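Heads up: the structure comes next, in structure tokens.
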Amino acid sequence: MTMQAEQKSLFFVTWNTNGIRDTRMLPQKFSNIFKSLSDLQADIVFIQETHVGTDCYNILEDVPGWKVFFTVHNSRSKGVAILIRDKVPFEYICHDEDYSGGYIVLFCHLYGELYTLVNMYNHKADRDILNSLKDYLMETAEGVLVVGGDFNTVLHPSFDRRSLSSHARHSPFRAFLEDFTVSLNLRDTWSYKRSTDEVITRRQKEQTASRIDMFFLPEHKLGLVCNIDVAEAQGVSDHYPLVLELTVQHRTETILPNVALRLPKPFKYTPDRTPGKISGAEILSTIKSLTDLEEHSLDMEHVKSYKEQRCQLTETLKYKYNSMIENKEVGERNTFEHLIFSQILAKRLNASISPSFKGKIVTNLDTFSTVKFETGPQTIKWSFLERKLKKLQTRVKKPQPRVKKTKRRPSAPPPEFSILERFLDCLLPKDQISSELRLLEPGSPLTNAIFNLALNELEAIVVRNLCKGTVCYQRQVLRVHTPPITSDFVDIFINNFKEQSGLKIRILQHPD
């Protein structure tokens, strides 16, 4: 049989369905989605905004005619899924998913050929997800890389947006997408195949429409593109399906990606529907960021081997860490693996209180005093830490009224932030005298993150009850502006905070 005779086509579809479940307004939505996919003769499907949470993931557990890989995030927002039609020769290798439901990366064989399939939903509140995904794919992507999804930005307002306005500007996401595509040498398949054709994939209002749903391929793989088009689909969402036809070749030689070399064979897909799982991207990023480790008294040769094999270790460590969380097992302390795990949790904690860098900041305020932590060993009450973590979850979960131009905090933690609450209780060492107290180990990534969390709560109390408070997390200090701190303030406020938190803090008075 000739090589030409072995060539086949696969039809890829990317589609933001704005939920997949039936609704009061769309009582046949789920069946309409799959009827449309059948009409389109779709083989591989990327769905964005599945809105699948822990209370409804069973809807995608057993879909007749399809193999489904999906994230579990929230029943009202985000979430992605990759669907493979049963008739397509498919072999699962492994996959990774964003802990906040923004993307899923599937490593697999299609017709024996190695593919890295990436389904991306770039939510308007996610400022770092493209950068994180870029770093992960630069180390792990192999074979034919296909990136599709809803990127929430157009490539060029003049070509890809329709509105009544005579002026247009790039969205803030455009620079992030440019860095993503340039770093991975990706090109928009529509621009490549139909460079002079203008089309829309989303109609927001009668006067506004745009092309924000796209498929990207590496420059050297663009020859695989046979055709690309936008299809009509009624009764689903304000997005239209984008259909990409790719040439595939049947391969008899099995090639495995580097990321899977340490996994046991045969490869097996074991569903884990826990939201907020540790991701391979987090592990990879953390290993790369940990450089000067002499102060941690670690075996540097051991650390070097971890860094050299970081790509393969992402999958094995991911399984280990998520098992630890599920079983509440701390594991051996003072190891590189423990340091990686602590750093990942610390990053999530810090992300929950990351300040907004928009707007004006008032400077040259009147007399102030500075609150800082005492040096030396510190302990914190678990009850205080637990309350603060619950506040963060409540802040995120509470529905916000739709007010014009009101924007969500970019770094707000996802609902599954509760994974930290469940695990920190056993991860932080308990004081020998009181199990209520947790030891904050000097030099631990979690210690700095918890200090920042405490400063965030201290600032909230100041603003709520007294006056202006300003936190600098790099300095780990809180400035309290006028009125000057009095002895009554110290007795009532500071001592009360010390009592609640168990932390040692002190106040520095500053002259007028």
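Labels used: A, B, ... for chains in the order of the structure tokens, numbers from 1 for residues in each chain, and numbers from 1 for ligands as shown.
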- Task: Mind checking which residues fall within 12 Å of Cys311 (chain A), counting only C-alpha atoms, ignoring those fewer than 3 positions away in the same chain, and posting them as number ranges by chain?
- Result: A: 135-142, 257-263, 280-288, 305-308, 314-318
Next, dump the selected residues to file, keeping only N, CA and C atoms, as a compact mmCIF listing (two decimals), in the first residue's frame.
```txt
# COMPACT_ATOMS: atom_id res chain seq x y z
N ASP A 135 4.72 27.64 28.91
CA ASP A 135 5.90 27.04 29.53
C ASP A 135 5.79 25.52 29.59
N TYR A 136 4.59 25.04 29.86
CA TYR A 136 4.38 23.59 29.93
C TYR A 136 4.55 22.94 28.56
N LEU A 137 3.93 23.52 27.55
CA LEU A 137 3.99 22.94 26.21
C LEU A 137 5.38 23.01 25.59
N MET A 138 6.13 24.05 25.92
CA MET A 138 7.49 24.16 25.38
C MET A 138 8.36 22.99 25.83
N GLU A 139 8.04 22.40 26.98
CA GLU A 139 8.82 21.27 27.49
C GLU A 139 8.20 19.91 27.14
N THR A 140 6.89 19.87 26.92
CA THR A 140 6.22 18.57 26.82
C THR A 140 5.62 18.25 25.46
N ALA A 141 5.22 19.26 24.68
CA ALA A 141 4.50 19.01 23.43
C ALA A 141 5.37 18.26 22.43
N GLU A 142 4.82 17.19 21.87
CA GLU A 142 5.53 16.41 20.85
C GLU A 142 4.52 15.92 19.82
N PRO A 257 5.83 10.25 23.96
CA PRO A 257 6.33 11.56 24.38
C PRO A 257 7.20 11.44 25.62
N ASN A 258 8.12 12.33 25.76
CA ASN A 258 9.04 12.34 26.90
C ASN A 258 8.29 12.39 28.23
N VAL A 259 7.16 13.10 28.25
CA VAL A 259 6.41 13.29 29.49
C VAL A 259 5.87 11.97 30.04
N ALA A 260 5.76 10.94 29.19
CA ALA A 260 5.15 9.68 29.62
C ALA A 260 6.15 8.56 29.86
N LEU A 261 7.44 8.84 29.76
CA LEU A 261 8.44 7.76 29.79
C LEU A 261 8.52 7.05 31.13
N ARG A 262 8.11 7.69 32.22
CA ARG A 262 8.17 7.06 33.54
C ARG A 262 6.85 6.41 33.95
N LEU A 263 5.84 6.51 33.11
CA LEU A 263 4.54 5.96 33.45
C LEU A 263 4.51 4.45 33.17
N GLY A 280 0.41 19.00 36.21
CA GLY A 280 1.78 18.82 35.76
C GLY A 280 2.46 20.14 35.45
N ALA A 281 1.69 21.10 34.95
CA ALA A 281 2.25 22.42 34.64
C ALA A 281 2.75 23.10 35.90
N GLU A 282 2.02 22.97 37.01
CA GLU A 282 2.46 23.56 38.28
C GLU A 282 3.76 22.91 38.75
N ILE A 283 3.85 21.60 38.63
CA ILE A 283 5.05 20.88 39.06
C ILE A 283 6.25 21.29 38.22
N LEU A 284 6.06 21.33 36.91
CA LEU A 284 7.15 21.69 36.01
C LEU A 284 7.65 23.10 36.29
N SER A 285 6.73 24.04 36.44
CA SER A 285 7.09 25.42 36.71
C SER A 285 7.84 25.56 38.03
N THR A 286 7.40 24.83 39.04
CA THR A 286 8.02 24.92 40.36
C THR A 286 9.43 24.33 40.36
N ILE A 287 9.61 23.19 39.71
CA ILE A 287 10.95 22.59 39.64
C ILE A 287 11.92 23.55 38.96
N LYS A 288 11.49 24.20 37.89
CA LYS A 288 12.35 25.13 37.17
C LYS A 288 12.68 26.36 38.01
N SER A 305 19.27 15.80 39.41
CA SER A 305 18.60 14.77 38.62
C SER A 305 17.12 15.09 38.44
N TYR A 306 16.51 15.68 39.45
CA TYR A 306 15.10 16.09 39.32
C TYR A 306 14.95 17.16 38.25
N LYS A 307 15.86 18.10 38.24
CA LYS A 307 15.77 19.18 37.26
C LYS A 307 15.99 18.65 35.84
N GLU A 308 16.92 17.72 35.70
CA GLU A 308 17.21 17.17 34.37
C GLU A 308 16.06 16.31 33.85
N THR A 314 6.80 15.13 35.92
CA THR A 314 5.53 15.84 36.13
C THR A 314 4.37 14.87 36.32
N GLU A 315 4.34 13.79 35.54
CA GLU A 315 3.23 12.85 35.63
C GLU A 315 3.29 12.01 36.91
N THR A 316 4.47 11.50 37.26
CA THR A 316 4.57 10.65 38.45
C THR A 316 4.37 11.45 39.73
N LEU A 317 4.94 12.66 39.79
CA LEU A 317 4.75 13.50 40.98
C LEU A 317 3.31 13.98 41.09
N LYS A 318 2.69 14.25 39.96
CA LYS A 318 1.28 14.69 39.98
C LYS A 318 0.40 13.62 40.64
```
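Residues surrounding Lys504 (chain A) within 10 Å are Lys372, Phe373, Glu374, Thr375, Gly376, Pro377, Gln378, Thr379, Ile380, Ile494, Asn495, Phe497, Lys498, Glu499, Ser501, Gly502 and Arg506 of chain A [only C-alpha atoms; sequence separation below 2 positions excluded].
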Could you build a table of the residues in region 175-234 of chain A lying no more than 8 Å from region 151-155 of chain A, giving for each the nearest pair of atoms and their separation in Å rounded to one decimal place, using only C-alpha atoms, ordered by chain and ascending residue number, as JSON lines?
```
{"residue": "A:Leu177", "atom": "CA", "partner": "A:Phe151", "partner_atom": "CA", "distance": 7.9}
{"residue": "A:Ser210", "atom": "CA", "partner": "A:Val154", "partner_atom": "CA", "distance": 6.9}
{"residue": "A:Arg211", "atom": "CA", "partner": "A:Val154", "partner_atom": "CA", "distance": 5.9}
{"residue": "A:Ile212", "atom": "CA", "partner": "A:Val154", "partner_atom": "CA", "distance": 5.1}
{"residue": "A:Asp213", "atom": "CA", "partner": "A:Phe151", "partner_atom": "CA", "distance": 6.2}
{"residue": "A:Met214", "atom": "CA", "partner": "A:Phe151", "partner_atom": "CA", "distance": 7.4}
```
- Tell me which protein, DNA and RNA residues are within 7 Å of Phe384 (chain A), counting only C-alpha atoms, leaving out same-chain ones fewer than 3 positions away, and put them as a count of residues only. 5
Taking a cut-off of 10 Å and counting only C-alpha atoms, can you build a table that, for each residue of region 12-44 of chain A near region 216-236 of chain A, reports the nearest atom pair and how far apart they are in Å (one decimal), sorted by chain then residue number, as a Markdown table?
```
| residue | atom | partner | partner_atom | distance |
| --- | --- | --- | --- | --- |
| A:Phe12 | CA | A:Ile228 | CA | 9.3 |
| A:Val13 | CA | A:Val230 | CA | 9.4 |
| A:Thr14 | CA | A:Val230 | CA | 9.9 |
| A:Asn16 | CA | A:Val236 | CA | 9.2 |
| A:Thr17 | CA | A:Val236 | CA | 6.0 |
| A:Asn18 | CA | A:Val236 | CA | 7.7 |
| A:Gly19 | CA | A:Val236 | CA | 8.6 |
| A:Ile20 | CA | A:Val236 | CA | 8.4 |
| A:Asp22 | CA | A:Val236 | CA | 9.6 |
| A:Met25 | CA | A:Gly235 | CA | 9.3 |
| A:Leu26 | CA | A:Gly235 | CA | 6.7 |
| A:Pro27 | CA | A:Gly235 | CA | 9.5 |
| A:Gln28 | CA | A:Gly235 | CA | 8.2 |
| A:Lys29 | CA | A:Val236 | CA | 5.9 |
| A:Phe30 | CA | A:Val236 | CA | 8.4 |
| A:Ser31 | CA | A:Val236 | CA | 9.9 |
| A:Asn32 | CA | A:Val236 | CA | 7.0 |
| A:Ile33 | CA | A:Val236 | CA | 6.7 |
| A:Lys35 | CA | A:Ala233 | CA | 9.6 |
| A:Ser36 | CA | A:Ala233 | CA | 6.5 |
| A:Leu37 | CA | A:Ala233 | CA | 9.3 |
| A:Asp39 | CA | A:Ala233 | CA | 9.8 |
| A:Leu40 | CA | A:Ala231 | CA | 8.0 |
```
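The shortest atom-to-atom distance to Val52 (chain A), with only C-alpha atoms taken into account, belongs to A:Thr274 out of A:Thr201, A:Gln249, A:Thr208, A:Thr274.
A straight line drawn from CA of Glu49 (chain A) to CA of Arg127 (chain A) is 17.3 Å long.
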